[in-house]
4 protein chains.
Amino acid sequence: MERKYSVFIFNVASCSDRYCSAYGRDFSMEEMFDRVKSIPLLSAVDLVMNQQFLADKPGILRNLQRTGLKVASVATDTFANPLYQQGSLTSIDPGVRAQAIADAKAAMDFAAEVNSNIMTLWLGQDGYDYLFQADYLREHRLLADALAELCDYRREINVTLEYKIKEPRTHCYVSTVGSTLLLCREVGADNLGVALDYGHAALGYESPAEAVAMCKLHGDKLMHIHINDNYRLWDDDMIVGSVHTLEYLEFLYWLRRTGYAGYMTLDQFPFREDGRNAVAESAQWLDYLESLVDQADFQEIESVLAQKDAVESSRLMRRLLRGRPEAITVR
Amino acid sequence: MERKYSVFIFNVASCSDRYCSAYGRDFSMEEMFDRVKSIPLLSAVDLVMNQQFLADKPGILRNLQRTGLKVASVATDTFANPLYQQGSLTSIDPGVRAQAIADAKAAMDFAAEVNSNIMTLWLGQDGYDYLFQADYLREHRLLADALAELCDYRREINVTLEYKIKEPRTHCYVSTVGSTLLLCREVGADNLGVALDYGHAALGYESPAEAVAMCKLHGDKLMHIHINDNYRLWDDDMIVGSVHTLEYLEFLYWLRRTGYAGYMTLDQFPFREDGRNAVAESAQWLDYLESLVDQADFQEIESVLAQKDAVESSRLMRRLLRGRPEAITVR
Amino acid sequence: MERKYSVFIFNVASCSDRYCSAYGRDFSMEEMFDRVKSIPLLSAVDLVMNQQFLADKPGILRNLQRTGLKVASVATDTFANPLYQQGSLTSIDPGVRAQAIADAKAAMDFAAEVNSNIMTLWLGQDGYDYLFQADYLREHRLLADALAELCDYRREINVTLEYKIKEPRTHCYVSTVGSTLLLCREVGADNLGVALDYGHAALGYESPAEAVAMCKLHGDKLMHIHINDNYRLWDDDMIVGSVHTLEYLEFLYWLRRTGYAGYMTLDQFPFREDGRNAVAESAQWLDYLESLVDQADFQEIESVLAQKDAVESSRLMRRLLRGRPEAITVR
Amino acid sequence: MERKYSVFIFNVASCSDRYCSAYGRDFSMEEMFDRVKSIPLLSAVDLVMNQQFLADKPGILRNLQRTGLKVASVATDTFANPLYQQGSLTSIDPGVRAQAIADAKAAMDFAAEVNSNIMTLWLGQDGYDYLFQADYLREHRLLADALAELCDYRREINVTLEYKIKEPRTHCYVSTVGSTLLLCREVGADNLGVALDYGHAALGYESPAEAVAMCKLHGDKLMHIHINDNYRLWDDDMIVGSVHTLEYLEFLYWLRRTGYAGYMTLDQFPFREDGRNAVAESAQWLDYLESLVDQADFQEIESVLAQKDAVESSRLMRRLLRGRPEAITVR
């Protein structure tokens, strides 16, 4: 099956955390594009409209043209801008909320300009940390209203909600696949959907594969995918496939079964690694895991799922993992 | 405010776990009713239509009349009956699923007979344990269809979904407040709603208070409440208030603000305690925590929530906890 | 490498949990032995000296002789016997504690009788559930004293501590690899060591492989191994290899590197599966995972570990997983 | 009882996280000291020897003298300096490790200079993120050897190990109270002990109170305390008492029972709050919680602990929480 892999462009640069402000050196925009371009299997980037990128849109366009990379999605920056530290679309300050809506519309405009139909909306600062800190009724309503306004702004651009149960807030409003699909129903716009981050699903104790099926069932709402790995208790944003194996196979199977045809965007935080090489590893792993699914017999899988017998499931997984060795191309 | 406290009748008897089949002795139905009756603050019971109860409906009616206890809800047994070990309403075996639907209808009938309008549906066996074990699309559809049939059966009885993210399955379908409200929307019946278990919400890393607000927002769907305490990583089903304090205050505040007027049902597993005394403790704690909310100034709380300032929230909580000491009646 | 696989004999029978008292039918001791015997790759059993087994020691000896199965270890029952619900070796009731010590000595005697040098001690009931429930100082001392007495009783039998952070208590005293090795130091007996349960280590957010290394470093204390799989947040006791893959490879590598030569005991709870078949699956998985380690180049692994470079680790894992396909024997 | 409260001086300034590099403005060293000084109940600071502080030791001394604040401890910076991103005392690069040891000795020297006998060692970067990334045997040995060297360097300065199970690494070597006390035993120096961070203990699913008791039992090793609150699944570093209540009471009780006489150091990350006010809140909470323990009857507590009866524990906690209202001074 065709591999459509993208990466958040900042992943190939350096990271910081709450203790250490710079694990590595700074990278220019040009270097970042070059590094992405140099990675086998990647054909696109996801952009974040943060300060650095807003300051140089012409530079982005020039680098896109120069490298031939496509744009998988454009994210509005609701998480790095300190203006939104108490919420963006749900801010109780009308001026801050209006700015957040304006930023998101600008991201939709830019997505259109670079031929992407996906605007990514990760509302990491919209939520609360403390008990008795938020008027939940009011803020949930502000959220739905803002989404309706965005979806109405440009019907040809999909507004995709990336859910995550926590971090940077201890509790985020757009938290689980269920609450996100509920919000989609509430708003009722065709161009509102889900950006499913594999690691966020795992963090929320979801089966990423079941989350894919739920998106299918409730309006075919899966519009974008982020992928990385973690130990299930925090969004560790590690190299794809470095912790889990079989769970990816189930996830990839359900993506195919439900007809997902969009990009798979690598989204990780290589704090102590060379960003380019860590991203390249993720692409290699994903390609390897997909090659195992390529070799699978889908009728056999459906037949096992129809039995609901864990012993048969276990046998199936061992067969899938082993693959048909002669068919694997070693890269 | 009026205290309407109930308890799952089995809570005053003995428990088992997967290692030890009997921490305490057996109790007759009469003894269980007597023990509930002896606990201050309780005025009702929740019943589970399991083998023991199905075998002696006249006995239940006689004990209800004898003790004057009301019935807060009637639960259908989808979790203790081994017939449903691979699912009840979602069973892929048509005969098993038909039986589960019939059982649930019988519980609705019995609820009507004992003047309760609540049927509790906790689908603990409906889900999966292993990867590649379930056809998620198919089983989610079976679930929605069965719920529609139940709601249609008796419109005056509320079918209340008790969500829980895991146990006894490693993954349950009715898992979070978001997925449950989504299911309510999908089915679209007025008599389908949520039975919110405080401990299940905490286990799923929800704020129980936010869950209450979400039920209000999405169709006023909060129909029943179970209460107990845990360490947030497992459904420990401990004495109410034995671990958390402030989180209950926020929960109780939001129940009042959203106008919840139903029962609070104690639902715990006192493995190593005398069941009667452990339940009495929960009632005492709940009453104490409610007394702190009784003393609160709701305008002051709303004013703090409108500021979204954690320092103000912290000050408020200290004031709430301290109460107006002169107003507390020591029991 | 030689496979020395055993299984807790009850794993091939039926399970219960706190809701459902019987997922399957009862099995006689003879049937259980037959079922173990029928599983390829198994050559031994682990026994638990619970009521059923205590009642028929001659039956055990007869079945051992009949089937030719060895005994990997004998466990004393400190978890299913309701007498120990508030603690066995740490019970504050002197009579209960004396009985627990006597039971453990009897298990050591029986181990000697059946030519095993391992007594397994899983102190699941020794701990506490609630805040302000236990005098930690007193009970930790009772624990160390009892262990010293047991180790002194028969020097040729190893007393192996199986740690687990929780369940059935919400907090258990013998909780992590660190606290267990600390206890071994405190007691200072050569025949006191660790029974490392892979799933318990994962539940405590340990790397099972690091736990193996720590046992080596602190007195070569790894004396027994239990193996199963889980989702890392609860002791799900699932089929080996059904969730994780790479983590087993690292675990198996460190077992070989540190020279572990004992049994690998399968220890799972196949609630909804046929016990025999679920155990057979675990044995197949374990054999497959070991076959991948068989093919590994240990010098290459050491060279990667010496670099502390996650990208190299990732590449190594992909190579290990792929194996040398021509060398794998499909069973 | 005397309140000896300190705070990590950076807590009154601004925070960053991995997304947002500056939630608030920069503060000069002088401002930070002034802000600490302005907070009721605080009498000391904990210092971190990071770049900013190393650059201006005379400034520190001047500010200490000016404000009259004591120094509770001096921490060496092993977590913010990117040099140590792959480990400090366990670095496999001999030059990096030598520098980390030199830095720690310099922190010990500075502690002596400012009349503190506590050097805090939080080894957040010493550990690993990925499977197959570390030679556990080698790095655990490097750790013990470095600690021995530090303890030997100045016997009158206590080297205190602050354990934490994860973050910034996904797995840290100094992880739990058990593994830390084991390490203390291994090294065997009188001036090596534990800096117990309440939030880290909770994150590792420990009872902080049991951890205090274990430190007492295994050599009276509790030498320093950090305090903050969290939701138990991550080191949220929130205002003390903003989530839990009863658990602090048990912790404070055990501190008194075991005779802890050192400082309680507030250690939090007020990302979205004014740092000074958030710290002031923690001090107010801690003082309030201590006032409840002040009112407790210790014989009554011991008598409850001796019964191991959760119902009695529950009643005790309700009594403790209620306090003797007439005795509480409202601040």
# chains A, B, ... in the order shown; residues from 1 in each chain; ligands from 1

$ interface_residues --of "chain B" --to "chain D" --cutoff "10 Å" --atoms "only C-alpha atoms" --output "ChimeraX atom specification"
/B:205,231-233,238-247,270,272-275,277-282,284-285,288,309-315,317-319,321-326,328,330

$ select_by_dssp --residues "region 27-210 of chain D" --states "helix (DSSP H, G or I)" --output "PyMOL selection string"
chain D and resi 29-37+51-54+57-67+82-84+94-113+136-153+177-187+198-203+208-210

$ select_by_dssp --residues "region 224-305 of chain C" --states "strand (DSSP E)" --output "PyMOL selection string"
chain C and resi 224-227+264-266

$ atom_distance --atom1 "CA of Ile39 (chain D)" --atom2 "CA of Glu290 (chain D)"
17.6 Å

$ closest_residue --among "C:Thr176, C:Asn228, C:Thr258, C:Asn11" --to "Arg35 (chain C)" --atoms "only C-alpha atoms"
C:Asn11

$ residues_around --residues "Leu192 (chain D)" --least-positions-apart "5" --cutoff "6 Å" --atoms "only C-alpha atoms" --output "mmCIF file with N, CA and C atoms, in the first residue's frame"
data_model
loop_
_atom_site.group_PDB
_atom_site.id
_atom_site.type_symbol
_atom_site.label_atom_id
_atom_site.label_comp_id
_atom_site.auth_asym_id
_atom_site.auth_seq_id
_atom_site.Cartn_x
_atom_site.Cartn_y
_atom_site.Cartn_z
ATOM 1 N N ASN D 158 25.656 16.246 54.215
ATOM 2 C CA ASN D 158 24.846 15.102 53.821
ATOM 3 C C ASN D 158 24.508 15.158 52.330
ATOM 4 N N VAL D 159 24.772 14.067 51.661
ATOM 5 C CA VAL D 159 24.398 13.930 50.257
ATOM 6 C C VAL D 159 23.017 13.286 50.242
ATOM 7 N N THR D 160 22.007 14.021 49.770
ATOM 8 C CA THR D 160 20.638 13.498 49.870
ATOM 9 C C THR D 160 20.098 13.196 48.477
#

$ decode --residues "region 134-177 of chain C" --atoms "N, CA and C atoms" --output "CSV table (one decimal), in the first residue's frame"
chain,number,residue,atom,x,y,z
C,134,ALA,N,-2.3,1.1,59.1
C,134,ALA,CA,-1.2,0.2,59.5
C,134,ALA,C,-0.1,0.9,60.2
C,135,ASP,N,0.5,0.3,61.1
C,135,ASP,CA,1.8,0.7,61.8
C,135,ASP,C,2.9,0.2,61.0
C,136,TYR,N,3.3,1.0,60.0
C,136,TYR,CA,4.3,0.5,59.0
C,136,TYR,C,5.6,0.0,59.7
C,137,LEU,N,6.1,0.7,60.7
C,137,LEU,CA,7.3,0.3,61.3
C,137,LEU,C,7.2,-1.1,61.9
C,138,ARG,N,6.1,-1.3,62.6
C,138,ARG,CA,5.9,-2.6,63.3
C,138,ARG,C,5.8,-3.7,62.3
C,139,GLU,N,5.0,-3.5,61.2
C,139,GLU,CA,4.8,-4.6,60.3
C,139,GLU,C,6.0,-4.9,59.4
C,140,HIS,N,6.7,-3.8,59.0
C,140,HIS,CA,7.9,-4.1,58.3
C,140,HIS,C,8.9,-4.9,59.1
C,141,ARG,N,8.9,-4.7,60.4
C,141,ARG,CA,9.8,-5.5,61.3
C,141,ARG,C,9.4,-6.9,61.4
C,142,LEU,N,8.0,-7.1,61.6
C,142,LEU,CA,7.5,-8.4,61.6
C,142,LEU,C,7.9,-9.2,60.4
C,143,LEU,N,7.8,-8.5,59.3
C,143,LEU,CA,8.1,-9.2,58.0
C,143,LEU,C,9.6,-9.7,58.0
C,144,ALA,N,10.5,-8.8,58.3
C,144,ALA,CA,11.9,-9.2,58.3
C,144,ALA,C,12.2,-10.3,59.2
C,145,ASP,N,11.6,-10.3,60.4
C,145,ASP,CA,11.8,-11.3,61.4
C,145,ASP,C,11.3,-12.7,60.9
C,146,ALA,N,10.1,-12.7,60.3
C,146,ALA,CA,9.6,-13.9,59.9
C,146,ALA,C,10.4,-14.5,58.8
C,147,LEU,N,10.9,-13.7,57.9
C,147,LEU,CA,11.7,-14.2,56.8
C,147,LEU,C,13.0,-14.8,57.3
C,148,ALA,N,13.6,-14.1,58.3
C,148,ALA,CA,14.8,-14.7,58.9
C,148,ALA,C,14.5,-16.1,59.5
C,149,GLU,N,13.4,-16.2,60.2
C,149,GLU,CA,13.1,-17.5,60.7
C,149,GLU,C,12.9,-18.6,59.7
C,150,LEU,N,12.2,-18.2,58.6
C,150,LEU,CA,12.0,-19.2,57.5
C,150,LEU,C,13.3,-19.6,56.9
C,151,CYS,N,14.2,-18.6,56.6
C,151,CYS,CA,15.4,-18.9,55.9
C,151,CYS,C,16.3,-19.8,56.8
C,152,ASP,N,16.2,-19.6,58.1
C,152,ASP,CA,16.9,-20.4,59.0
C,152,ASP,C,16.4,-21.8,59.1
C,153,TYR,N,15.2,-22.0,58.8
C,153,TYR,CA,14.5,-23.3,59.0
C,153,TYR,C,15.1,-24.4,58.1
C,154,ARG,N,15.3,-24.1,56.9
C,154,ARG,CA,16.0,-25.0,56.0
C,154,ARG,C,16.9,-24.3,55.0
C,155,ARG,N,18.1,-24.3,55.2
C,155,ARG,CA,19.1,-23.6,54.4
C,155,ARG,C,19.2,-24.0,52.9
C,156,GLU,N,18.7,-25.2,52.7
C,156,GLU,CA,18.9,-25.7,51.3
C,156,GLU,C,17.7,-25.4,50.4
C,157,ILE,N,16.7,-24.8,51.1
C,157,ILE,CA,15.5,-24.3,50.3
C,157,ILE,C,15.5,-22.8,50.2
C,158,ASN,N,15.5,-22.3,49.0
C,158,ASN,CA,15.4,-20.9,48.7
C,158,ASN,C,14.0,-20.3,49.0
C,159,VAL,N,14.0,-19.3,49.8
C,159,VAL,CA,12.7,-18.6,50.0
C,159,VAL,C,12.7,-17.4,49.0
C,160,THR,N,11.8,-17.4,48.1
C,160,THR,CA,11.8,-16.4,47.0
C,160,THR,C,10.6,-15.5,47.1
C,161,LEU,N,10.9,-14.2,47.2
C,161,LEU,CA,9.9,-13.2,47.4
C,161,LEU,C,9.4,-12.7,46.1
C,162,GLU,N,8.1,-12.8,45.9
C,162,GLU,CA,7.5,-12.3,44.6
C,162,GLU,C,6.9,-11.0,44.9
C,163,TYR,N,7.5,-9.9,44.4
C,163,TYR,CA,7.0,-8.6,44.7
C,163,TYR,C,5.9,-8.2,43.8
C,164,LYS,N,5.0,-7.3,44.3
C,164,LYS,CA,3.9,-6.7,43.5
C,164,LYS,C,3.4,-5.5,44.2
C,165,ILE,N,3.2,-4.4,43.5
C,165,ILE,CA,3.0,-3.2,44.2
C,165,ILE,C,1.6,-3.1,44.8
C,166,LYS,N,0.6,-3.8,44.2
C,166,LYS,CA,-0.8,-3.8,44.7
C,166,LYS,C,-1.5,-5.0,44.2
C,167,GLU,N,-2.7,-5.2,44.9
C,167,GLU,CA,-3.6,-6.2,44.6
C,167,GLU,C,-3.2,-7.6,45.2
C,168,PRO,N,-3.9,-8.2,46.0
C,168,PRO,CA,-5.3,-7.7,46.5
C,168,PRO,C,-5.3,-6.5,47.4
C,169,ARG,N,-4.3,-6.2,48.2
C,169,ARG,CA,-4.3,-5.0,48.9
C,169,ARG,C,-4.1,-3.8,48.0
C,170,THR,N,-4.6,-2.6,48.4
C,170,THR,CA,-4.3,-1.5,47.5
C,170,THR,C,-2.8,-1.1,47.6
C,171,HIS,N,-2.1,-1.5,48.7
C,171,HIS,CA,-0.7,-1.3,48.8
C,171,HIS,C,-0.1,-2.6,49.5
C,172,CYS,N,0.9,-3.2,48.9
C,172,CYS,CA,1.6,-4.4,49.4
C,172,CYS,C,3.0,-4.0,49.9
C,173,TYR,N,3.4,-4.6,51.0
C,173,TYR,CA,4.8,-4.3,51.5
C,173,TYR,C,5.9,-4.7,50.6
C,174,VAL,N,5.8,-5.9,50.1
C,174,VAL,CA,6.9,-6.4,49.2
C,174,VAL,C,6.5,-5.9,47.8
C,175,SER,N,6.9,-4.7,47.4
C,175,SER,CA,6.3,-4.0,46.3
C,175,SER,C,7.1,-3.8,45.0
C,176,THR,N,8.4,-3.6,45.2
C,176,THR,CA,9.2,-3.3,44.0
C,176,THR,C,10.5,-4.1,44.1
C,177,VAL,N,11.2,-4.1,43.0
C,177,VAL,CA,12.5,-4.8,43.0
C,177,VAL,C,13.4,-4.2,44.1
